[in-house]
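Note: the block below is structure_4.txt and it holds compact mmCIF, C-alpha atoms.
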```txt
# COMPACT_ATOMS: atom_id res chain seq x y z
CA MET A 1387 101.20 -44.33 46.36
CA GLU A 1388 98.33 -41.91 45.86
CA LEU A 1389 98.13 -38.20 46.58
CA GLY A 1390 94.66 -36.75 47.03
CA CYS A 1391 94.00 -33.04 47.50
CA TRP A 1392 91.05 -30.77 48.10
CA ASN A 1393 91.53 -27.06 48.30
CA ARG A 1394 90.94 -23.53 47.18
CA GLY A 1395 91.68 -23.37 43.46
CA SER A 1396 93.45 -20.42 41.90
CA VAL A 1397 92.51 -20.89 38.27
CA ARG A 1398 89.31 -19.58 36.76
CA ASN A 1399 87.24 -22.12 34.94
CA LYS A 1400 86.93 -21.04 31.32
CA GLN A 1401 83.19 -21.69 31.49
CA SER A 1402 82.70 -19.89 34.81
CA SER A 1403 83.40 -16.42 36.08
CA GLY A 1404 84.07 -17.70 39.61
CA ARG A 1405 86.93 -19.59 41.17
CA ALA A 1406 87.04 -23.34 41.30
CA HIS A 1407 86.75 -24.77 44.80
CA PRO A 1408 87.17 -28.56 44.74
CA SER A 1409 85.47 -29.58 47.99
CA THR A 1410 85.90 -33.34 47.77
CA PRO A 1411 89.16 -35.31 47.58
CA SER A 1412 90.60 -35.88 44.12
CA PRO A 1413 93.55 -38.17 43.33
CA THR A 1414 95.11 -35.50 41.13
CA LEU A 1415 97.61 -32.74 41.62
CA SER A 1416 96.11 -29.28 41.41
CA LEU A 1417 97.24 -25.71 41.82
CA LEU A 1418 97.36 -24.61 45.44
CA HIS A 1419 96.51 -21.11 46.59
CA LEU A 1420 99.24 -18.95 48.15
CA PHE A 1421 101.39 -21.78 49.49
CA PRO A 1422 103.54 -23.81 47.12
CA CYS A 1423 103.20 -27.55 46.97
CA LEU A 1424 106.27 -29.71 47.37
CA TRP A 1425 106.53 -33.27 46.11
CA ARG A 1426 109.59 -35.52 46.08
CA ARG A 1427 109.48 -38.20 43.42
CA PRO A 1428 111.52 -41.40 43.33
CA ARG A 1429 115.10 -40.98 42.13
CA HIS A 1430 115.49 -37.85 44.22
CA ARG A 1431 113.39 -35.50 42.09
CA LEU A 1432 111.71 -32.56 43.78
CA ASP A 1433 108.63 -31.14 42.03
CA LEU A 1434 106.87 -27.91 43.00
CA TRP A 1435 103.85 -25.98 41.79
CA GLY A 1436 101.88 -23.01 43.07
CA ASN A 1437 102.58 -19.29 43.33
CA SER A 1438 105.62 -16.97 42.93
CA GLY A 1439 109.43 -17.33 43.15
CA GLN A 1440 109.27 -19.53 46.23
CA LEU A 1441 109.04 -22.52 43.88
CA GLY A 1442 112.75 -22.43 43.02
CA HIS A 1443 112.27 -22.62 39.26
CA GLU A 1444 114.85 -19.91 38.52
CA GLU A 1445 112.16 -17.53 37.32
CA VAL A 1446 109.29 -15.58 38.86
CA VAL A 1447 105.87 -16.67 37.63
CA ASN A 1448 102.39 -15.75 38.79
CA ASN A 1449 101.25 -19.35 38.95
CA ALA A 1450 102.85 -22.69 38.10
CA LEU A 1451 99.90 -24.83 37.12
CA TYR A 1452 101.71 -28.17 36.95
CA PRO A 1453 104.52 -29.84 38.90
CA LYS A 1454 107.97 -28.90 37.66
CA THR A 1455 111.29 -30.29 38.85
CA VAL A 1456 113.61 -28.01 40.80
CA THR A 1457 116.64 -28.76 38.65
CA SER A 1458 119.11 -26.79 40.76
CA LEU A 1459 118.70 -29.38 43.53
CA ASP A 1460 119.24 -32.41 41.28
CA GLY A 1461 122.57 -33.15 42.96
CA TYR A 1462 120.98 -33.41 46.40
CA PHE A 1463 118.68 -35.92 48.05
CA ILE A 1464 116.03 -33.66 49.62
CA THR A 1465 114.55 -35.21 52.77
CA HIS A 1466 112.68 -32.29 54.36
CA VAL A 1467 110.78 -29.32 52.92
CA SER A 1468 108.71 -26.47 54.33
CA ALA A 1469 106.54 -23.88 52.61
CA GLY A 1470 105.81 -20.49 54.19
CA TRP A 1471 103.58 -17.67 52.99
CA SER A 1472 105.96 -16.69 50.19
CA HIS A 1473 109.22 -18.51 50.88
CA SER A 1474 110.38 -22.12 51.01
CA GLY A 1475 113.09 -24.18 52.70
CA PHE A 1476 114.74 -27.46 51.65
CA VAL A 1477 116.98 -29.80 53.67
CA SER A 1478 119.16 -32.52 52.12
CA ASP A 1479 120.15 -35.85 53.66
CA SER A 1480 123.65 -34.42 54.15
CA GLY A 1481 122.29 -31.56 56.26
CA CYS A 1482 122.46 -28.73 53.71
CA LEU A 1483 119.80 -26.00 53.95
CA PHE A 1484 118.50 -24.11 50.91
CA THR A 1485 115.92 -21.31 50.82
CA CYS A 1486 114.20 -19.29 48.11
CA GLY A 1487 111.28 -16.93 47.57
CA ASP A 1488 110.54 -13.61 49.23
CA GLY A 1489 113.42 -12.37 51.38
CA SER A 1490 112.13 -8.88 52.24
CA PHE A 1491 112.01 -9.70 55.96
CA GLY A 1492 115.29 -11.64 56.03
CA GLN A 1493 113.42 -14.95 56.21
CA LEU A 1494 115.81 -16.61 53.74
CA GLY A 1495 118.74 -16.23 56.14
CA HIS A 1496 121.33 -15.03 53.61
CA GLY A 1497 122.38 -11.85 55.41
CA ASP A 1498 120.36 -9.52 53.22
CA TYR A 1499 116.77 -8.77 52.28
CA ALA A 1500 116.99 -9.94 48.71
CA SER A 1501 114.58 -12.41 47.16
CA HIS A 1502 115.68 -15.49 45.21
CA CYS A 1503 113.73 -17.48 42.63
CA SER A 1504 116.19 -20.39 42.83
CA PRO A 1505 117.22 -22.24 46.02
CA VAL A 1506 120.37 -20.78 47.61
CA ARG A 1507 122.34 -22.59 50.27
CA VAL A 1508 122.31 -20.87 53.67
CA SER A 1509 126.01 -20.36 54.31
CA CYS A 1510 125.60 -19.89 58.07
CA PHE A 1511 125.13 -23.66 58.42
CA VAL A 1512 127.75 -24.81 55.93
CA ASP A 1513 129.74 -26.55 58.68
CA GLN A 1514 126.71 -27.91 60.53
CA HIS A 1515 124.06 -30.54 59.88
CA VAL A 1516 120.55 -29.13 59.50
CA ALA A 1517 117.81 -31.59 60.48
CA GLN A 1518 114.63 -29.54 59.93
CA VAL A 1519 113.41 -26.19 58.65
CA ALA A 1520 110.04 -24.61 59.47
CA CYS A 1521 108.72 -21.64 57.48
CA GLY A 1522 106.11 -19.33 58.99
CA MET A 1523 104.39 -16.31 57.54
CA ARG A 1524 107.58 -14.21 57.29
CA HIS A 1525 110.04 -16.04 59.53
CA SER A 1526 111.95 -19.29 59.58
CA LEU A 1527 113.21 -21.74 62.21
CA VAL A 1528 116.03 -24.24 61.84
CA LEU A 1529 116.81 -27.31 63.95
CA LEU A 1530 120.38 -28.61 63.92
CA LYS A 1531 121.42 -32.22 64.43
CA ASP A 1532 123.88 -33.19 67.19
CA CYS A 1533 124.28 -29.62 68.41
CA PRO A 1534 122.83 -29.60 71.95
CA SER A 1535 123.90 -26.11 73.05
CA ASN A 1536 122.79 -24.12 69.98
CA GLN A 1537 120.25 -26.33 68.25
CA VAL A 1538 117.38 -24.01 67.25
CA TYR A 1539 117.81 -20.85 65.17
CA GLY A 1540 115.40 -18.15 64.02
CA PHE A 1541 115.50 -15.44 61.34
CA GLY A 1542 113.12 -13.17 59.47
CA SER A 1543 110.30 -11.07 60.93
CA GLY A 1544 110.35 -10.88 64.71
CA LYS A 1545 107.82 -8.21 65.60
CA ARG A 1546 105.65 -10.63 67.62
CA GLY A 1547 108.55 -12.43 69.28
CA GLN A 1548 108.34 -15.44 66.95
CA LEU A 1549 112.13 -15.61 66.54
CA GLY A 1550 112.79 -16.16 70.25
CA VAL A 1551 116.20 -14.50 70.06
CA SER A 1552 115.77 -11.32 72.12
CA LYS A 1553 113.67 -9.90 74.95
CA ASP A 1554 113.39 -6.69 72.94
CA ARG A 1555 111.04 -6.28 70.03
CA ILE A 1556 112.89 -7.00 66.79
CA LYS A 1557 111.52 -5.91 63.45
CA SER A 1558 113.58 -8.46 61.53
CA ILE A 1559 116.98 -10.14 61.26
CA ASN A 1560 118.51 -11.56 58.09
CA LEU A 1561 121.02 -14.00 59.57
CA PRO A 1562 120.19 -17.05 61.71
CA LYS A 1563 120.43 -16.41 65.45
CA VAL A 1564 120.16 -18.90 68.31
CA VAL A 1565 116.75 -19.21 69.97
CA SER A 1566 117.16 -18.62 73.70
CA GLY A 1567 116.08 -21.04 76.43
CA PHE A 1568 117.02 -24.44 75.01
CA GLU A 1569 120.56 -24.69 76.42
CA ASP A 1570 119.67 -27.73 78.55
CA VAL A 1571 116.74 -28.99 76.47
CA GLU A 1572 117.00 -31.44 73.56
CA ILE A 1573 114.56 -30.45 70.81
CA VAL A 1574 113.36 -33.06 68.31
CA GLU A 1575 110.77 -31.14 66.28
CA ILE A 1576 110.00 -27.53 65.33
CA ALA A 1577 106.95 -25.83 63.81
CA ALA A 1578 106.10 -22.36 62.48
CA ASN A 1579 103.00 -20.74 61.01
CA GLY A 1580 101.69 -17.21 60.96
CA ASP A 1581 103.56 -15.37 63.71
CA HIS A 1582 103.72 -18.48 65.93
CA SER A 1583 106.63 -20.81 66.68
CA ALA A 1584 106.73 -24.12 68.55
CA ALA A 1585 109.10 -26.92 69.48
CA VAL A 1586 108.80 -30.37 71.07
CA SER A 1587 111.55 -31.77 73.30
CA VAL A 1588 112.81 -35.34 73.45
CA ASP A 1589 111.08 -35.81 76.81
CA GLY A 1590 107.71 -34.71 75.44
CA HIS A 1591 107.49 -31.08 76.59
CA LEU A 1592 105.93 -28.49 74.29
CA TYR A 1593 107.31 -24.95 73.92
CA THR A 1594 105.61 -22.06 72.15
CA TRP A 1595 106.63 -18.46 71.48
CA GLY A 1596 105.64 -15.55 69.26
CA ARG A 1597 102.15 -14.14 68.94
CA GLY A 1598 100.07 -15.07 71.95
CA PHE A 1599 97.10 -17.36 71.57
CA LYS A 1600 93.70 -16.11 72.71
CA GLY A 1601 93.96 -14.51 76.14
CA PHE A 1602 97.76 -14.41 76.27
CA GLU A 1603 100.36 -11.81 75.47
CA ASP A 1604 103.10 -12.29 72.91
CA SER A 1605 106.13 -14.21 74.15
CA HIS A 1606 109.65 -13.35 73.01
CA PHE A 1607 111.13 -16.56 74.43
CA PRO A 1608 110.00 -20.20 74.38
CA GLN A 1609 107.42 -20.95 77.07
CA CYS A 1610 106.95 -24.51 78.28
CA LEU A 1611 103.40 -25.80 78.47
CA ASN A 1612 102.61 -26.92 82.02
CA SER A 1613 101.29 -30.38 81.27
CA THR A 1614 101.97 -33.94 82.40
CA LEU A 1615 101.22 -35.16 78.87
CA ASN A 1616 104.01 -36.52 76.68
CA PHE A 1617 103.78 -34.67 73.37
CA THR A 1618 105.32 -36.03 70.18
CA LYS A 1619 104.17 -33.54 67.55
CA ALA A 1620 102.85 -29.98 67.33
CA THR A 1621 101.31 -28.18 64.36
CA LEU A 1622 100.35 -24.51 64.15
CA GLY A 1623 97.57 -22.55 62.49
CA TRP A 1624 97.12 -18.80 62.35
CA ASN A 1625 95.13 -18.68 65.59
CA HIS A 1626 95.42 -22.15 67.08
CA ALA A 1627 97.76 -25.09 67.61
CA LEU A 1628 97.31 -28.88 67.62
CA ALA A 1629 99.21 -31.39 69.74
CA MET A 1630 99.20 -35.18 69.77
CA ASN A 1631 100.08 -37.96 72.17
CA ASP A 1632 99.42 -41.68 72.00
CA VAL A 1633 96.16 -41.24 73.86
CA CYS A 1634 94.34 -38.25 72.42
CA ILE A 1635 94.51 -35.00 70.44
CA LEU A 1636 94.48 -31.57 72.07
CA LEU A 1637 93.12 -28.31 70.72
CA LEU A 1638 96.60 -26.84 70.80
CA TYR A 1639 97.13 -29.03 67.80
CA LEU A 1640 99.85 -30.98 69.49
CA CYS A 1641 100.65 -34.67 69.18
CA VAL A 1642 101.14 -36.84 72.23
CA ASP A 1643 102.66 -40.32 72.20
CA GLU A 1644 99.45 -42.03 73.23
CA GLY A 1645 97.36 -41.17 70.17
CA GLU A 1646 95.31 -38.29 71.56
CA VAL A 1647 94.97 -34.78 70.16
CA TYR A 1648 94.53 -31.51 72.06
CA MET A 1649 93.94 -27.93 70.95
CA LEU A 1650 94.90 -24.49 72.21
CA GLY A 1651 94.06 -21.01 70.96
CA GLY A 1652 90.90 -19.52 69.57
CA ASN A 1653 89.23 -18.49 66.32
CA HIS A 1654 85.89 -17.32 64.98
CA LEU A 1655 84.73 -20.92 64.65
CA GLY A 1656 85.02 -21.54 68.39
CA GLY A 1657 86.00 -24.87 69.84
CA LEU A 1658 89.51 -23.75 70.76
CA SER A 1659 90.43 -23.41 74.41
CA ASP A 1660 92.58 -20.94 76.30
CA LEU A 1661 95.97 -21.97 77.59
CA GLN A 1662 96.04 -21.12 81.29
CA ASN A 1663 99.39 -22.27 82.61
CA VAL A 1664 102.75 -21.69 80.96
CA SER A 1665 106.20 -21.23 82.44
CA PRO A 1666 109.58 -20.16 81.02
CA ALA A 1667 111.64 -22.90 79.40
CA LYS A 1668 113.36 -25.22 81.90
CA GLN A 1669 111.18 -24.01 84.81
CA LEU A 1670 108.61 -26.78 85.13
CA PRO A 1671 107.49 -26.91 88.78
CA VAL A 1672 107.35 -30.36 90.38
CA ASP A 1673 103.66 -29.93 91.16
CA ALA A 1674 102.79 -28.60 87.71
CA ARG A 1675 99.08 -28.96 87.15
CA GLU A 1676 97.55 -30.12 83.90
CA SER A 1677 97.14 -27.15 81.60
CA ASN A 1678 93.65 -26.14 80.63
CA LEU A 1679 93.84 -27.88 77.27
CA GLU A 1680 90.81 -29.27 75.53
CA ARG A 1681 90.62 -32.65 73.88
CA VAL A 1682 89.25 -32.61 70.38
CA SER A 1683 85.63 -33.67 70.73
CA GLY A 1684 84.15 -36.78 69.16
CA LEU A 1685 87.31 -38.87 69.41
CA ASP A 1686 86.65 -40.80 72.59
CA GLY A 1687 88.79 -43.93 72.53
CA THR A 1688 90.06 -43.22 69.00
CA LYS A 1689 93.79 -43.49 68.40
CA VAL A 1690 95.35 -40.83 66.18
CA SER A 1691 98.40 -41.38 63.95
CA ASP A 1692 98.89 -37.96 62.31
CA ILE A 1693 97.70 -34.34 62.50
CA ALA A 1694 97.97 -31.17 60.42
CA THR A 1695 96.65 -27.61 60.56
CA GLY A 1696 95.85 -24.96 57.98
CA ALA A 1697 95.12 -21.30 58.61
CA GLU A 1698 91.94 -22.10 60.52
CA HIS A 1699 91.17 -25.72 59.76
CA SER A 1700 92.49 -29.01 61.07
CA VAL A 1701 92.86 -32.60 59.92
CA LEU A 1702 93.80 -35.87 61.61
CA VAL A 1703 94.26 -39.51 60.71
CA THR A 1704 92.88 -42.17 63.03
CA GLY A 1705 94.58 -45.45 63.83
CA ASN A 1706 92.21 -47.29 61.49
CA GLY A 1707 93.02 -45.00 58.55
CA GLU A 1708 90.10 -42.58 58.62
CA VAL A 1709 90.78 -38.92 57.77
CA LYS A 1710 88.74 -36.39 59.76
CA THR A 1711 88.58 -32.62 59.25
CA TRP A 1712 87.02 -29.63 60.99
CA GLY A 1713 87.25 -25.84 61.24
CA TRP A 1714 87.08 -23.29 58.42
CA GLY A 1715 85.56 -24.77 55.26
CA GLU A 1716 84.87 -21.79 53.00
CA HIS A 1717 87.10 -23.04 50.19
CA GLY A 1718 86.29 -26.74 50.40
CA GLN A 1719 89.45 -27.50 52.37
CA LEU A 1720 87.57 -29.88 54.67
CA GLY A 1721 86.86 -32.24 51.76
CA LEU A 1722 83.25 -32.85 52.85
CA GLY A 1723 81.51 -31.88 49.61
CA ASP A 1724 80.48 -28.41 50.74
CA THR A 1725 81.95 -25.12 51.95
CA CYS A 1726 80.49 -25.18 55.46
CA ASP A 1727 82.49 -24.78 58.66
CA ARG A 1728 82.64 -27.60 61.21
CA ILE A 1729 83.29 -27.35 64.94
CA SER A 1730 84.08 -31.05 65.45
CA PRO A 1731 85.87 -33.70 63.34
CA VAL A 1732 83.93 -35.21 60.42
CA THR A 1733 85.12 -38.22 58.40
CA VAL A 1734 86.24 -37.50 54.83
CA ASN A 1735 85.25 -39.96 52.08
CA LEU A 1736 88.52 -40.69 50.28
CA GLY A 1737 86.91 -43.18 47.92
CA TYR A 1738 88.80 -46.26 49.08
CA ASP A 1739 88.95 -48.72 51.96
CA PRO A 1740 91.24 -47.24 54.67
CA ASN A 1741 92.32 -50.78 55.55
CA GLU A 1742 94.00 -51.04 52.14
CA ALA A 1743 96.52 -48.29 52.98
CA ALA A 1744 99.62 -49.15 55.01
CA SER A 1745 99.92 -45.52 56.13
CA ILE A 1746 98.29 -42.15 55.55
CA ARG A 1747 99.94 -38.75 56.08
CA VAL A 1748 98.11 -35.43 55.95
CA TYR A 1749 99.33 -31.91 55.11
CA CYS A 1750 97.65 -28.48 55.08
CA GLY A 1751 98.18 -25.07 53.55
CA SER A 1752 96.16 -21.99 54.42
CA GLY A 1753 93.09 -23.18 52.52
CA PHE A 1754 93.83 -26.66 51.16
CA THR A 1755 94.50 -30.20 52.34
CA PHE A 1756 96.55 -33.14 51.07
CA ALA A 1757 96.30 -36.81 52.05
CA LEU A 1758 99.16 -39.09 50.98
CA THR A 1759 98.40 -42.79 51.08
CA MET A 1760 100.99 -45.54 50.92
CA PRO A 1761 99.72 -48.99 49.82
```

Target encoding structure tokens, full file:
Amino acid sequence: MELGCWNRGSVRNKQSSGRAHPSTPSPTLSLLHLFPCLWRRPRHRLDLWGNSGQLGHEEVVNNALYPKTVTSLDGYFITHVSAGWSHSGFVSDSGCLFTCGDGSFGQLGHGDYASHCSPVRVSCFVDQHVAQVACGMRHSLVLLKDCPSNQVYGFGSGKRGQLGVSKDRIKSINLPKVVSGFEDVEIVEIAANGDHSAAVSVDGHLYTWGRGFKGFEDSHFPQCLNSTLNFTKATLGWNHALAMNDVCILLLYLCVDEGEVYMLGGNHLGGLSDLQNVSPAKQLPVDARESNLERVSGLDGTKVSDIATGAEHSVLVTGNGEVKTWGWGEHGQLGLGDTCDRISPVTVNLGYDPNEAASIRVYCGSGFTFALTMP
């Protein structure tokens, strides 16, 4: 197993007055800017490094320069983690949810606005099995297992509708509340970033809510994307989303079960399309037309196995193991050896033969990228 990262550094080089910006992949673990990094070692150890009390180390530090085990979770086998702007969430194999970090918007879900530098179990779900947690800028989403009627919950900042719990504008809530509109929909994946929220259903429909993408108003309830595509994964940036199927990738940054990727949204780099047709959850018309999504350019006939999005950059893994990046590159997060922006995917040189890796997974923070290879 090898973990390569390229990102915006947060430590000044002793021989330089500027910040370090590693712009090519390195098989080392380095400090990540703003977002914490989460790494689960064999034997159930969870290591974190990065910035502030969201690391769960029982103390508040400006920067943790090296991985350090979260000892308070030693008795749990952590299977799912999510890192927001300044808070983190952890899910165990037994369905327990823990959160820590900044709680000033209620995003920790403990019924108050206190912050915690050590993971605290969210008592609201003590009798339920949590499957996933997704941490956005200042809000959180939770997906429950085997709970069809009340399966998705939101808490934290809700000023842009990203909680999906009320038609009225909500400043914030500090206890989990059910997201409306999924009563007859089975959700299998959730995503959160910035003031956006998204979910993918078992039958491949994509739902988004929160701050509207370019050309659209904010939505306080999940809206179903009018598309005949069968989506399997969705990832969110600050101003765009990615979706994937087995055929291509869309600019909404969604995954579809045929290996394609599509994008939706808009940013200063261009290349992101406008979403034209959405309808309330559960109201897909029989003659629903294909939404005005845009395939990611330069991928004709290329299968895609994984996708990820940062603040304003994107990364994908092709079926033959190539890693491609595009978007905002100011801090070297594209891994292309420079700090230039790209408007279409460019292959990253990882320094090894992609055919030697059994699988490659990619992950993004606001201005950094990770590629995890399994031999």

Could you pull the residues within 8 Å of A:Thr1704, counting all atoms listed in the file, minus those fewer than 3 positions along the same chain, as a ChimeraX atom specification? /A:1688-1692,1707-1710

Take the residues from that selection and put them in a file with C-alpha atoms, as a compact mmCIF listing (two decimals), keeping the file's coordinate frame.
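Okay, this is what ended up in part.txt:
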```txt
# COMPACT_ATOMS: atom_id res chain seq x y z
CA THR A 1688 90.06 -43.22 69.00
CA LYS A 1689 93.79 -43.49 68.40
CA VAL A 1690 95.35 -40.83 66.18
CA SER A 1691 98.40 -41.38 63.95
CA ASP A 1692 98.89 -37.96 62.31
CA GLY A 1707 93.02 -45.00 58.55
CA GLU A 1708 90.10 -42.58 58.62
CA VAL A 1709 90.78 -38.92 57.77
CA LYS A 1710 88.74 -36.39 59.76
```

Using Å and a single decimal, report how far atom CA of A:Ala1697 sits from atom CA of A:Cys1610.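 Those two atoms sit 23.2 Å apart.
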
Quick one: pull the distance between atom CA of A:Gly1715 and atom CA of A:Ala1585, Å, one decimal. 27.6 Å

Quick one: of A:Gln1514, A:Cys1482, A:Cys1533, A:Gly1542, who's nearest to A:Leu1494, counting all atoms listed in the file? A:Gly1542

Find the residues around A:Ser1474 up to 6 Å (only C-alpha atoms counted), leave out those fewer than 5 positions away in its own chain, and share them as a ChimeraX atom specification. /A:1440,1468-1469,1485-1486

So which one's closest to A:Gly1495, A:Met1523, A:Leu1702, A:Val1467, A:Leu1561? Using all atoms listed in the file, please. A:Leu1561

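Pairwise distance (atom CA of A:Glu1742, atom CA of A:Thr1711) equals 20.5 Å.
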
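Across A:Glu1569, A:Glu1680, A:Asp1581, A:Glu1603, the tightest approach to A:Ser1526 is made by A:Asp1581 when counting only C-alpha atoms.
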
Skip A:Glu1572 itself and residues of its chain fewer than 6 positions away, then list as a VMD selection string all residues within 8 Å of it, counting only C-alpha atoms. chain A and resid 1534 1587 to 1588

Could you write out that same residue set with C-alpha atoms as a JSON list (two decimals), in the frame of the given file?
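Wrote it out as selection.json, contents follow:
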```
[["chain", "number", "residue", "atom", "x", "y", "z"],
["A", 1534, "PRO", "CA", 122.83, -29.60, 71.95],
["A", 1587, "SER", "CA", 111.55, -31.77, 73.30],
["A", 1588, "VAL", "CA", 112.81, -35.34, 73.45]]
```
